[in-house]
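File shown: work-v3.cif (mmCIF, C-alpha atoms).
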data_data
loop_
_atom_site.label_atom_id
_atom_site.label_comp_id
_atom_site.auth_asym_id
_atom_site.auth_seq_id
_atom_site.Cartn_x
_atom_site.Cartn_y
_atom_site.Cartn_z
CA MET A 1 12.45 18.75 9.08
CA ALA A 2 14.03 19.40 12.44
CA ALA A 3 12.91 17.52 15.51
CA THR A 4 10.76 19.35 18.04
CA ALA A 5 11.38 19.33 21.76
CA GLY A 6 8.14 18.45 23.49
CA LEU A 7 6.32 15.17 23.96
CA HIS A 8 3.37 15.02 21.61
CA ILE A 9 0.05 13.66 22.94
CA SER A 10 -1.95 12.89 19.83
CA PRO A 11 -5.61 13.97 19.61
CA GLU A 12 -6.07 11.16 17.03
CA PHE A 13 -5.76 8.48 19.73
CA PRO A 14 -9.50 7.96 20.44
CA ALA A 15 -10.35 7.79 16.74
CA VAL A 16 -7.67 5.18 16.06
CA LEU A 17 -8.88 3.04 18.98
CA GLU A 18 -12.43 3.31 17.64
CA ARG A 19 -11.33 2.14 14.20
CA ILE A 20 -9.51 -0.80 15.77
CA GLU A 21 -12.66 -1.82 17.64
CA GLU A 22 -14.65 -1.62 14.41
CA LEU A 23 -12.18 -4.13 12.92
CA GLY A 24 -12.33 -6.41 15.97
CA ALA A 25 -14.88 -8.90 14.66
CA THR A 26 -13.06 -9.14 11.33
CA LEU A 27 -9.73 -9.75 13.02
CA ASP A 28 -11.28 -12.45 15.20
CA ALA A 29 -12.88 -14.16 12.21
CA ASN A 30 -9.74 -14.01 10.04
CA ALA A 31 -7.21 -15.06 12.69
CA GLY A 32 -7.57 -18.79 12.04
CA PRO A 33 -7.32 -18.55 8.24
CA ALA A 34 -4.35 -16.18 8.57
CA GLU A 35 -2.58 -18.78 10.68
CA GLU A 36 -3.12 -21.40 8.00
CA LEU A 37 -1.89 -18.98 5.34
CA GLY A 38 1.18 -18.06 7.39
CA ARG A 39 0.50 -14.33 7.11
CA HIS A 40 -2.39 -11.93 7.16
CA THR A 41 -4.13 -11.20 3.90
CA GLU A 42 -3.42 -7.93 2.15
CA GLY A 43 -7.00 -6.93 2.92
CA THR A 44 -6.53 -7.36 6.66
CA ALA A 45 -3.16 -5.62 6.64
CA ARG A 46 -4.51 -2.75 4.58
CA ALA A 47 -7.48 -2.31 6.93
CA LEU A 48 -5.14 -2.07 9.92
CA LEU A 49 -2.83 0.34 8.14
CA ASP A 50 -5.80 2.47 7.09
CA ALA A 51 -6.90 2.51 10.73
CA GLY A 52 -3.63 4.31 11.48
CA ILE A 53 -1.62 1.59 13.22
CA VAL A 54 1.74 2.46 11.67
CA ARG A 55 1.01 6.15 11.12
CA ALA A 56 0.45 6.34 14.90
CA GLU A 57 4.21 6.13 15.54
CA LEU A 58 5.41 8.19 12.57
CA PRO A 59 6.72 11.71 13.22
CA LYS A 60 4.17 14.49 13.19
CA SER A 61 6.62 16.60 11.20
CA LEU A 62 6.31 14.04 8.37
CA GLY A 63 2.54 13.73 8.59
CA GLY A 64 2.26 11.01 11.24
CA TYR A 65 0.19 11.00 14.41
CA GLU A 66 3.22 10.65 16.72
CA PHE A 67 1.45 8.97 19.64
CA SER A 68 2.95 9.14 23.12
CA PRO A 69 4.40 5.94 24.65
CA ARG A 70 1.27 5.16 26.68
CA GLN A 71 -0.96 5.81 23.70
CA LEU A 72 1.12 3.40 21.60
CA MET A 73 1.07 0.76 24.33
CA GLU A 74 -2.72 0.83 24.63
CA MET A 75 -3.20 0.79 20.86
CA VAL A 76 -1.05 -2.33 20.41
CA GLU A 77 -2.86 -3.89 23.37
CA ARG A 78 -6.23 -3.42 21.64
CA VAL A 79 -5.11 -4.94 18.32
CA SER A 80 -3.46 -7.87 20.13
CA TYR A 81 -6.62 -8.53 22.12
CA HIS A 82 -8.44 -9.38 18.89
CA ASP A 83 -5.56 -11.22 17.19
CA ALA A 84 -2.17 -11.77 18.82
CA ALA A 85 -0.45 -12.33 15.47
CA ALA A 86 -1.94 -9.14 14.01
CA GLY A 87 -0.82 -7.19 17.05
CA TRP A 88 2.69 -8.62 16.80
CA THR A 89 2.93 -7.96 13.06
CA MET A 90 1.72 -4.40 13.31
CA GLN A 91 3.86 -3.40 16.29
CA ALA A 92 6.92 -4.76 14.45
CA LEU A 93 6.13 -2.84 11.26
CA GLN A 94 5.31 0.18 13.39
CA VAL A 95 8.60 0.45 15.27
CA MET A 96 10.83 -0.43 12.30
CA THR A 97 9.09 2.13 10.10
CA ALA A 98 8.89 4.83 12.77
CA THR A 99 12.54 4.67 13.81
CA THR A 100 13.59 4.80 10.17
CA ALA A 101 11.45 7.90 9.66
CA ALA A 102 12.76 9.54 12.83
CA PHE A 103 16.47 8.88 12.47
CA LEU A 104 17.18 9.18 8.74
CA GLY A 105 17.98 12.61 7.32
CA PRO A 106 16.13 14.74 4.75
CA ALA A 107 17.22 12.88 1.61
CA ALA A 108 16.09 9.47 2.86
CA ALA A 109 12.94 10.89 4.45
CA ALA A 110 11.93 12.46 1.14
CA ASP A 111 12.57 9.14 -0.60
CA LEU A 112 10.81 6.85 1.87
CA PHE A 113 8.13 9.07 3.41
CA PRO A 114 6.96 11.43 0.65
CA ASP A 115 3.32 11.74 1.79
CA VAL A 116 2.56 10.04 5.11
CA ALA A 117 -0.81 11.78 5.51
CA GLY A 118 -1.77 10.55 2.05
CA GLY A 119 -0.69 6.98 2.80
CA LYS A 120 2.47 7.11 0.68
CA TYR A 121 5.30 5.82 2.84
CA ALA A 122 7.62 2.84 3.07
CA LEU A 123 6.84 -0.05 5.39
CA LEU A 124 9.87 -1.66 7.00
CA ALA A 125 10.40 -5.09 8.48
CA GLY A 126 13.58 -6.78 9.59
CA HIS A 127 15.84 -7.57 12.49
CA GLY A 128 18.46 -5.66 14.41
CA THR A 129 20.22 -7.82 17.00
CA ARG A 130 22.66 -9.77 14.81
CA PRO A 131 24.43 -7.28 12.55
CA GLY A 132 25.53 -7.94 8.99
CA ARG A 133 28.80 -6.68 7.54
CA ALA A 134 29.09 -3.23 5.95
CA VAL A 135 32.19 -2.49 3.88
CA PRO A 136 32.67 1.26 3.36
CA VAL A 137 32.70 2.38 -0.29
CA ASP A 138 32.27 5.74 -1.96
CA GLY A 139 28.97 7.20 -0.79
CA GLY A 140 27.83 4.22 1.25
CA PHE A 141 28.40 0.58 2.11
CA LEU A 142 28.47 -2.85 0.51
CA VAL A 143 26.28 -4.91 2.82
CA SER A 144 26.29 -8.66 3.36
CA GLY A 145 24.60 -10.72 6.04
CA ALA A 146 21.87 -13.04 7.18
CA TRP A 147 19.13 -11.94 9.56
CA GLN A 148 16.29 -13.72 11.33
CA PHE A 149 12.70 -13.14 12.44
CA ALA A 150 11.54 -10.36 10.11
CA SER A 151 7.98 -10.13 11.45
CA GLY A 152 5.58 -8.59 8.94
CA MET A 153 7.91 -9.00 5.97
CA ALA A 154 4.97 -10.11 3.79
CA HIS A 155 3.59 -6.57 3.98
CA ALA A 156 6.86 -4.60 3.93
CA SER A 157 8.28 -2.62 1.03
CA HIS A 158 11.70 -2.12 2.61
CA VAL A 159 14.05 -3.90 4.98
CA HIS A 160 15.43 -2.66 8.31
CA SER A 161 18.67 -4.38 9.36
CA ALA A 162 21.57 -3.87 11.74
CA ILE A 163 25.03 -3.67 10.20
CA GLN A 164 28.55 -3.39 11.61
CA VAL A 165 30.97 -1.19 9.71
CA GLU A 166 34.17 -2.98 8.78
CA GLY A 167 37.24 -1.24 10.15
CA THR A 168 35.50 0.87 12.81
CA GLY A 169 33.09 -1.65 14.35
CA GLU A 170 30.36 0.99 14.39
CA LEU A 171 26.82 -0.38 14.59
CA ARG A 172 24.37 1.20 12.17
CA VAL A 173 20.86 0.46 10.92
CA LEU A 174 19.97 0.50 7.24
CA ALA A 175 16.87 0.86 5.12
CA MET A 176 16.86 -0.74 1.68
CA PRO A 177 14.25 -2.08 -0.76
CA LYS A 178 12.96 -5.56 0.01
CA SER A 179 13.78 -6.53 -3.57
CA GLN A 180 17.50 -6.36 -2.69
CA VAL A 181 17.40 -9.27 -0.23
CA VAL A 182 16.64 -12.96 -0.60
CA LEU A 183 13.69 -14.10 1.51
CA ASP A 184 13.85 -17.53 3.14
CA ALA A 185 10.63 -19.56 3.24
CA ASN A 186 11.38 -20.97 6.69
CA TRP A 187 8.66 -19.74 9.08
CA ASP A 188 7.41 -23.10 10.39
CA VAL A 189 6.53 -22.63 14.05
CA LEU A 190 3.93 -23.48 16.67
CA GLY A 191 2.74 -19.96 17.49
CA LEU A 192 2.57 -16.54 15.84
CA ARG A 193 2.29 -18.42 12.56
CA ALA A 194 0.50 -15.53 10.84
CA THR A 195 3.35 -13.06 11.46
CA HIS A 196 5.46 -14.34 8.51
CA SER A 197 8.60 -13.79 10.61
CA ILE A 198 10.94 -15.20 8.00
CA ASP A 199 14.73 -15.01 7.71
CA TYR A 200 16.50 -13.21 4.87
CA HIS A 201 19.99 -12.58 3.50
CA CYS A 202 22.01 -10.60 0.97
CA ALA A 203 25.56 -10.31 -0.36
CA ASP A 204 27.43 -7.16 -1.41
CA VAL A 205 24.38 -4.94 -1.82
CA TYR A 206 25.11 -1.23 -2.11
CA VAL A 207 23.33 0.95 0.45
CA PRO A 208 23.91 4.71 0.40
CA SER A 209 25.07 6.19 3.69
CA THR A 210 22.05 8.53 3.62
CA HIS A 211 19.88 5.45 4.20
CA THR A 212 21.69 4.38 7.38
CA TYR A 213 21.87 5.78 10.91
CA PRO A 214 23.82 5.02 14.12
CA ALA A 215 22.08 2.16 15.91
CA THR A 216 22.39 3.73 19.36
CA THR A 217 21.30 7.24 18.43
CA THR A 218 18.79 9.11 20.57
CA THR A 219 18.85 12.24 18.41
CA PRO A 220 16.00 12.25 15.89
CA ALA A 221 16.18 14.11 12.61
CA ASN A 222 12.38 14.17 12.46
CA GLY A 223 9.71 14.24 15.15
CA GLY A 224 9.55 15.06 18.82
CA ALA A 225 10.62 13.83 22.21
CA ILE A 226 9.41 10.23 21.97
CA TYR A 227 12.18 9.37 19.51
CA ARG A 228 14.82 10.31 22.05
CA LEU A 229 14.02 6.92 23.58
CA GLY A 230 16.07 5.26 20.83
CA LEU A 231 15.38 2.07 18.91
CA VAL A 232 15.40 -0.52 21.72
CA ASN A 233 13.28 1.48 24.17
CA LEU A 234 10.74 2.28 21.46
CA SER A 235 10.53 -1.43 20.67
CA ALA A 236 9.71 -2.19 24.32
CA ILE A 237 6.49 -0.17 24.13
CA GLY A 238 4.84 -2.43 21.56
CA HIS A 239 5.99 -5.67 23.17
CA THR A 240 4.60 -4.54 26.53
CA GLY A 241 1.21 -3.67 25.05
CA TRP A 242 1.16 -6.98 23.19
CA ALA A 243 1.59 -9.00 26.39
CA PHE A 244 -1.29 -7.21 28.10
CA GLY A 245 -3.61 -7.62 25.12
CA VAL A 246 -2.95 -11.36 24.93
CA GLY A 247 -3.26 -11.85 28.69
CA ARG A 248 -6.56 -9.97 28.81
CA ARG A 249 -8.04 -11.93 25.91
CA LEU A 250 -7.12 -15.25 27.52
CA LEU A 251 -8.76 -14.29 30.81
CA ASP A 252 -11.89 -13.12 29.00
CA GLU A 253 -12.02 -16.38 27.03
CA LEU A 254 -11.76 -18.37 30.27
CA ARG A 255 -14.62 -16.37 31.75
CA SER A 256 -16.75 -17.32 28.72
CA VAL A 257 -15.85 -20.98 29.17
CA ALA A 258 -16.78 -20.78 32.84
CA ALA A 259 -20.13 -19.17 32.05
CA ALA A 260 -20.98 -21.98 29.63
CA ARG A 261 -20.01 -24.77 32.03
CA THR A 262 -21.18 -23.52 35.40
CA GLY A 263 -23.94 -25.65 36.86
CA THR A 264 -23.06 -28.71 34.80
CA ARG A 265 -22.11 -32.02 36.39
CA ASN A 266 -18.68 -31.96 38.08
CA ALA A 267 -17.90 -28.54 36.67
CA ALA A 268 -14.40 -27.53 37.81
CA VAL A 269 -15.33 -23.88 37.27
CA ASP A 270 -17.83 -24.11 40.13
CA THR A 271 -15.10 -24.86 42.67
CA SER A 272 -13.65 -22.38 45.14
CA GLN A 273 -10.21 -23.28 43.84
CA PHE A 274 -11.10 -22.05 40.35
CA HIS A 275 -12.56 -18.83 41.73
CA ALA A 276 -9.44 -18.17 43.77
CA GLU A 277 -7.07 -18.86 40.87
CA TYR A 278 -9.10 -16.73 38.47
CA ALA A 279 -9.03 -13.85 40.95
CA THR A 280 -5.29 -14.27 41.41
CA ALA A 281 -4.68 -14.20 37.65
CA GLU A 282 -6.87 -11.10 37.33
CA ALA A 283 -4.97 -9.34 40.09
CA LYS A 284 -1.58 -10.20 38.59
CA LEU A 285 -2.50 -8.92 35.14
CA ARG A 286 -4.07 -5.70 36.41
CA ALA A 287 -1.15 -5.03 38.74
CA ALA A 288 1.44 -5.62 36.00
CA ARG A 289 -0.42 -3.29 33.65
CA ALA A 290 -0.79 -0.59 36.31
CA TRP A 291 2.92 -0.74 37.13
CA ALA A 292 3.99 -0.60 33.46
CA THR A 293 1.71 2.41 32.98
CA GLU A 294 3.32 4.07 36.00
CA VAL A 295 6.82 3.42 34.63
CA TRP A 296 5.96 4.91 31.26
CA ARG A 297 4.19 7.87 32.85
CA GLY A 298 7.45 8.75 34.59
CA ILE A 299 9.39 8.40 31.35
CA GLU A 300 6.92 10.67 29.58
CA VAL A 301 7.50 13.33 32.27
CA ALA A 302 11.26 13.10 31.65
CA LEU A 303 10.84 13.38 27.89
CA GLU A 304 8.49 16.35 28.21
CA SER A 305 11.06 18.16 30.34
CA GLY A 306 13.74 17.64 27.68
CA GLU A 307 15.59 14.87 29.48
CA LEU A 308 16.56 11.37 28.41
CA PRO A 309 15.33 8.50 30.60
CA SER A 310 17.64 7.85 33.53
CA THR A 311 19.45 4.53 33.90
CA ASP A 312 16.88 3.65 36.54
CA GLN A 313 14.06 4.34 34.08
CA ASP A 314 15.87 2.42 31.31
CA THR A 315 16.04 -0.50 33.72
CA LEU A 316 12.43 -0.27 34.84
CA LEU A 317 10.98 -0.16 31.32
CA ARG A 318 12.88 -3.35 30.50
CA LEU A 319 11.79 -4.93 33.76
CA ALA A 320 8.17 -3.86 33.19
CA LEU A 321 8.24 -5.58 29.78
CA ASN A 322 9.82 -8.71 31.24
CA HIS A 323 7.23 -8.71 34.02
CA ALA A 324 4.35 -8.13 31.59
CA THR A 325 5.46 -11.15 29.56
CA SER A 326 5.98 -13.43 32.55
CA THR A 327 2.62 -12.35 34.00
CA ALA A 328 0.86 -13.11 30.74
CA LEU A 329 2.51 -16.54 30.81
CA ASP A 330 1.20 -17.09 34.35
CA VAL A 331 -2.26 -16.13 33.13
CA GLY A 332 -1.87 -18.52 30.21
CA ARG A 333 -0.98 -21.40 32.51
CA ALA A 334 -4.09 -20.74 34.62
CA VAL A 335 -6.27 -20.58 31.52
CA HIS A 336 -4.81 -23.81 30.15
CA ARG A 337 -5.42 -25.54 33.49
CA TRP A 338 -9.06 -24.52 33.87
CA ALA A 339 -10.32 -24.28 30.29
CA GLY A 340 -10.12 -28.06 29.87
CA THR A 341 -10.70 -29.28 26.33
CA ALA A 342 -11.29 -25.71 25.11
CA ALA A 343 -7.54 -25.21 25.53
CA ILE A 344 -6.60 -28.10 23.27
CA ARG A 345 -9.14 -27.89 20.46
CA ARG A 346 -8.69 -25.45 17.59
CA GLY A 347 -10.07 -22.10 18.65
CA PRO A 348 -9.16 -18.78 20.26
CA ILE A 349 -7.74 -20.20 23.51
CA ASP A 350 -5.54 -22.72 21.72
CA ARG A 351 -4.30 -20.08 19.29
CA PHE A 352 -3.64 -17.37 21.89
CA LEU A 353 -1.80 -19.84 24.12
CA ARG A 354 0.48 -20.90 21.26
CA ASP A 355 1.06 -17.30 20.19
CA LEU A 356 1.89 -16.36 23.78
CA GLY A 357 4.34 -19.23 24.14
CA THR A 358 6.16 -18.14 20.99
CA GLY A 359 6.07 -14.40 21.69
CA SER A 360 7.48 -14.89 25.18
CA GLN A 361 10.70 -16.19 23.61
CA HIS A 362 11.56 -12.76 22.23
CA ILE A 363 15.00 -11.51 23.21
CA THR A 364 13.60 -8.41 24.95
CA SER A 365 12.01 -10.67 27.59
CA SER A 366 14.95 -13.04 27.97
CA PRO A 367 16.34 -14.21 31.33
CA VAL A 368 19.57 -12.30 30.60
CA VAL A 369 17.67 -9.00 30.45
CA LEU A 370 16.02 -9.85 33.76
CA GLN A 371 19.42 -10.62 35.30
CA ASN A 372 20.82 -7.31 34.02
CA CYS A 373 17.87 -5.46 35.55
CA GLY A 374 18.62 -7.11 38.87
CA ALA A 375 22.31 -6.22 38.63
CA TRP A 376 21.43 -2.53 38.35
CA LEU A 377 18.57 -2.42 40.87
CA SER A 378 20.51 -4.35 43.51
CA GLY A 379 23.46 -1.98 43.26
CA ALA A 380 25.83 -4.65 41.96
CA GLN A 381 26.81 -2.51 38.93
CA PRO A 382 26.20 1.12 39.93
CA GLN A 383 28.38 2.59 37.15
CA ALA A 384 26.88 0.51 34.35
CA ARG A 385 24.68 1.87 31.55
CA TRP A 386 22.39 0.19 29.06
CA SER A 387 23.53 -0.42 25.49
CA PHE A 388 20.70 -2.13 23.65
CA LEU A 389 19.84 -5.08 25.92
CA ASP A 390 23.22 -5.24 27.64
CA LEU A 391 24.19 -3.57 30.92
CA ALA A 392 27.84 -2.58 30.53
#
Written as structure tokens, that's how I'd like the structure from this file.
Amino acid sequence: MAATAGLHISPEFPAVLERIEELGATLDANAGPAEELGRHTEGTARALLDAGIVRAELPKSLGGYEFSPRQLMEMVERVSYHDAAAGWTMQALQVMTATTAAFLGPAAAADLFPDVAGGKYALLAGHGTRPGRAVPVDGGFLVSGAWQFASGMAHASHVHSAIQVEGTGELRVLAMPKSQVVLDANWDVLGLRATHSIDYHCADVYVPSTHTYPATTTTPANGGAIYRLGLVNLSAIGHTGWAFGVGRRLLDELRSVAAARTGTRNAAVDTSQFHAEYATAEAKLRAARAWATEVWRGIEVALESGELPSTDQDTLLRLALNHATSTALDVGRAVHRWAGTAAIRRGPIDRFLRDLGTGSQHITSSPVVLQNCGAWLSGAQPQARWSFLDLA
């Protein structure tokens, strides 16, 4: 189906948020066991999928809800508030699956997304920053490569991977069955343990050209204006919401600790210093969220008018994500300082702090991206444009 022009604001948004809240207690209770397991159970994943987490970003023309950027950001924020690893897993599955649905043509869409409204659609996990090799053959490519950090692979049916075409150097993204790659059992980390972000590899696997698309495309085959953001900008939405959900949960946990300890002997939470630092953390988090919302509001206006985001907007959305992550880290440091032993014993604060420390290492929030944002905003590279995470 052809893409439509306007930005879709989904009426399903309140209902999806309500279903997420209904799952909140279950997510909280299962977060610890999921960490020990190294992934979420199929029951937890299915409950989140049934709530509409992935369908929220799928094209309306294929039966999805096609949320707007701000709707997606808030939805990921709410899941992440209850379980950072669940929020990370779902936003990864969400963006990989949605971009595949938006950018592949009719043949692949019919194959992978036959009945989205009825729950019959592929789920994709994978990685796109280190491309594999694609050798052109009749009708497609022979693909070889090794990729890292496939968050949510335990729940995926298909793999999303970047490839570079031999001879032309063109970057493309593929979709192929998970059964065609070898999964590496190597996810042994401190935080985000339940995301099952394993590595994987393959050698000389045939992928039809119909199941690939140009990595830098901003022209969707399915769906509306949101998909004109392209793969990297769509990915930024979920990561931004994730940072705010984790930061908010940590501050709320610290408030609970303070309530339990206030009035006890030598309680640090009764000091003016604690009150001042808590207020500062609250202000930082609220300000970062308000600014990110403002940035995305402006981008939504551009998309609705039929335009692509400007270079300034491309810069600001990356900077807003970087700032959201660094602000959440500042909040985490304050929580660790004032929560005392609650920050070092097994429990929500310990888990969210470790998940935050791991999630903040993602390439989209790297120092290089921050430096590139500064190069544009300061006027040092006025002719440059963004290509993925590079300013060139």
* To do: Carefully work through the PyMOL selection byres ((chain A and resi 110) around 12) for this structure and note down the residues it includes, as a ChimeraX atom specification.
  => /A:1,62,100-101,104-109,111-116,120-122,210-211,222
* **Distance criterion (all atoms listed in the file): nearest to Ala320 in chain A out of A:Ala236, A:Ala260, A:Leu72, A:Leu250** => A:Ala236
* To do: Would you list the contacts of range 135-147 of chain A as a PyMOL selection string, taking every protein, DNA or RNA residue within 6 Å and counting all atoms listed in the file, but skipping same-chain residues closer than 5 positions in sequence?
  => chain A and resi 166+199-209
* Do you have the CA of Ala259 in chain A-CA of Thr26 in chain A distance handy? ->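 Atom-to-atom, CA of Ala259 in chain A to CA of Thr26 in chain A, that is 24.1 Å.
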* Report the residues retrieved by the PyMOL selection byres ((chain A and resi 214) around 9) from the displayed file, expressed as a PyMOL selection string. => chain A and resi 103+170-173+212-213+215-217
Compile the contact shell of range 288-298 of chain A as a PDB file with C-alpha atoms, in the frame of the given file: residues with an atom at most 12 Å away, counting all atoms listed in the file, same-chain residues fewer than 3 positions apart removed.
ATOM      1  CA  LEU A   7       6.320  15.170  23.960  1.00  0.00           C
ATOM      2  CA  SER A  68       2.950   9.140  23.120  1.00  0.00           C
ATOM      3  CA  PRO A  69       4.400   5.940  24.650  1.00  0.00           C
ATOM      4  CA  ARG A  70       1.270   5.160  26.680  1.00  0.00           C
ATOM      5  CA  GLN A  71      -0.960   5.810  23.700  1.00  0.00           C
ATOM      6  CA  LEU A  72       1.120   3.400  21.600  1.00  0.00           C
ATOM      7  CA  MET A  73       1.070   0.760  24.330  1.00  0.00           C
ATOM      8  CA  GLU A  74      -2.720   0.830  24.630  1.00  0.00           C
ATOM      9  CA  GLU A  77      -2.860  -3.890  23.370  1.00  0.00           C
ATOM     10  CA  ILE A 226       9.410  10.230  21.970  1.00  0.00           C
ATOM     11  CA  LEU A 229      14.020   6.920  23.580  1.00  0.00           C
ATOM     12  CA  ASN A 233      13.280   1.480  24.170  1.00  0.00           C
ATOM     13  CA  LEU A 234      10.740   2.280  21.460  1.00  0.00           C
ATOM     14  CA  ALA A 236       9.710  -2.190  24.320  1.00  0.00           C
ATOM     15  CA  ILE A 237       6.490  -0.170  24.130  1.00  0.00           C
ATOM     16  CA  HIS A 239       5.990  -5.670  23.170  1.00  0.00           C
ATOM     17  CA  THR A 240       4.600  -4.540  26.530  1.00  0.00           C
ATOM     18  CA  GLY A 241       1.210  -3.670  25.050  1.00  0.00           C
ATOM     19  CA  TRP A 242       1.160  -6.980  23.190  1.00  0.00           C
ATOM     20  CA  ALA A 243       1.590  -9.000  26.390  1.00  0.00           C
ATOM     21  CA  PHE A 244      -1.290  -7.210  28.100  1.00  0.00           C
ATOM     22  CA  GLY A 245      -3.610  -7.620  25.120  1.00  0.00           C
ATOM     23  CA  GLY A 247      -3.260 -11.850  28.690  1.00  0.00           C
ATOM     24  CA  ARG A 248      -6.560  -9.970  28.810  1.00  0.00           C
ATOM     25  CA  ALA A 281      -4.680 -14.200  37.650  1.00  0.00           C
ATOM     26  CA  GLU A 282      -6.870 -11.100  37.330  1.00  0.00           C
ATOM     27  CA  ALA A 283      -4.970  -9.340  40.090  1.00  0.00           C
ATOM     28  CA  LYS A 284      -1.580 -10.200  38.590  1.00  0.00           C
ATOM     29  CA  LEU A 285      -2.500  -8.920  35.140  1.00  0.00           C
ATOM     30  CA  VAL A 301       7.500  13.330  32.270  1.00  0.00           C
ATOM     31  CA  ALA A 302      11.260  13.100  31.650  1.00  0.00           C
ATOM     32  CA  LEU A 303      10.840  13.380  27.890  1.00  0.00           C
ATOM     33  CA  GLU A 304       8.490  16.350  28.210  1.00  0.00           C
ATOM     34  CA  SER A 305      11.060  18.160  30.340  1.00  0.00           C
ATOM     35  CA  GLU A 307      15.590  14.870  29.480  1.00  0.00           C
ATOM     36  CA  LEU A 308      16.560  11.370  28.410  1.00  0.00           C
ATOM     37  CA  PRO A 309      15.330   8.500  30.600  1.00  0.00           C
ATOM     38  CA  SER A 310      17.640   7.850  33.530  1.00  0.00           C
ATOM     39  CA  ASP A 312      16.880   3.650  36.540  1.00  0.00           C
ATOM     40  CA  GLN A 313      14.060   4.340  34.080  1.00  0.00           C
ATOM     41  CA  ASP A 314      15.870   2.420  31.310  1.00  0.00           C
ATOM     42  CA  THR A 315      16.040  -0.500  33.720  1.00  0.00           C
ATOM     43  CA  LEU A 316      12.430  -0.270  34.840  1.00  0.00           C
ATOM     44  CA  LEU A 317      10.980  -0.160  31.320  1.00  0.00           C
ATOM     45  CA  ARG A 318      12.880  -3.350  30.500  1.00  0.00           C
ATOM     46  CA  LEU A 319      11.790  -4.930  33.760  1.00  0.00           C
ATOM     47  CA  ALA A 320       8.170  -3.860  33.190  1.00  0.00           C
ATOM     48  CA  LEU A 321       8.240  -5.580  29.780  1.00  0.00           C
ATOM     49  CA  ASN A 322       9.820  -8.710  31.240  1.00  0.00           C
ATOM     50  CA  HIS A 323       7.230  -8.710  34.020  1.00  0.00           C
ATOM     51  CA  ALA A 324       4.350  -8.130  31.590  1.00  0.00           C
ATOM     52  CA  THR A 325       5.460 -11.150  29.560  1.00  0.00           C
ATOM     53  CA  SER A 326       5.980 -13.430  32.550  1.00  0.00           C
ATOM     54  CA  THR A 327       2.620 -12.350  34.000  1.00  0.00           C
ATOM     55  CA  ALA A 328       0.860 -13.110  30.740  1.00  0.00           C
ATOM     56  CA  ASP A 330       1.200 -17.090  34.350  1.00  0.00           C
ATOM     57  CA  VAL A 331      -2.260 -16.130  33.130  1.00  0.00           C
TER      58      VAL A 331
END
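When you apply the PyMOL selection byres ((chain A and resi 158) around 10) to this structure, what comes back is Met96, Thr97, Leu112, Ala122, Leu123, Leu124, Ala125, Gly126, Met153, His155, Ala156, Ser157, Val159, His160, Ser161, Leu174, Ala175, Met176, Pro177, Lys178, Ser179, Gln180 and Val181 of chain A.
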I need the chosen residues saved as a compact mmCIF listing (two decimals), keeping the file's coordinate frame, with C-alpha atoms.
# COMPACT_ATOMS: atom_id res chain seq x y z
CA MET A 96 10.83 -0.43 12.30
CA THR A 97 9.09 2.13 10.10
CA LEU A 112 10.81 6.85 1.87
CA ALA A 122 7.62 2.84 3.07
CA LEU A 123 6.84 -0.05 5.39
CA LEU A 124 9.87 -1.66 7.00
CA ALA A 125 10.40 -5.09 8.48
CA GLY A 126 13.58 -6.78 9.59
CA MET A 153 7.91 -9.00 5.97
CA HIS A 155 3.59 -6.57 3.98
CA ALA A 156 6.86 -4.60 3.93
CA SER A 157 8.28 -2.62 1.03
CA VAL A 159 14.05 -3.90 4.98
CA HIS A 160 15.43 -2.66 8.31
CA SER A 161 18.67 -4.38 9.36
CA LEU A 174 19.97 0.50 7.24
CA ALA A 175 16.87 0.86 5.12
CA MET A 176 16.86 -0.74 1.68
CA PRO A 177 14.25 -2.08 -0.76
CA LYS A 178 12.96 -5.56 0.01
CA SER A 179 13.78 -6.53 -3.57
CA GLN A 180 17.50 -6.36 -2.69
CA VAL A 181 17.40 -9.27 -0.23
* Have a look at CA of Ala117 in chain A and CA of Leu27 in chain A and let me know their distance in Å, one decimal. =>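 We find that CA of Ala117 in chain A and CA of Leu27 in chain A lie 24.5 Å from each other.
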* Nearest to Ile363 in chain A by atom-to-atom distance, counting all atoms listed in the file, from A:Leu389, A:Leu17, A:Leu48, A:Ile198 ->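 Closest residue, counting all atoms listed in the file: A:Leu389.
The space separating CA of Ala225 in chain A from CA of Pro11 in chain A comes to 16.4 Å.
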* To do: Between A:Trp376, A:Trp88, A:Tyr81, A:Phe13, single out the one closest to Arg55 in chain A, counting all atoms listed in the file.
  =>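 Among the listed residues, the smallest separation from Arg55 in chain A belongs to A:Phe13.
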* **Residues near Met90 in chain A, cut-off 12 Å, all atoms listed in the file, skip fewer than 4 positions along chain, as a VMD selection string** => chain A and resid 39 to 40 44 to 57 72 75 to 80 83 to 86 94 to 98 123 to 125 150 to 156 194 to 197 235 238 to 239 241 to 242
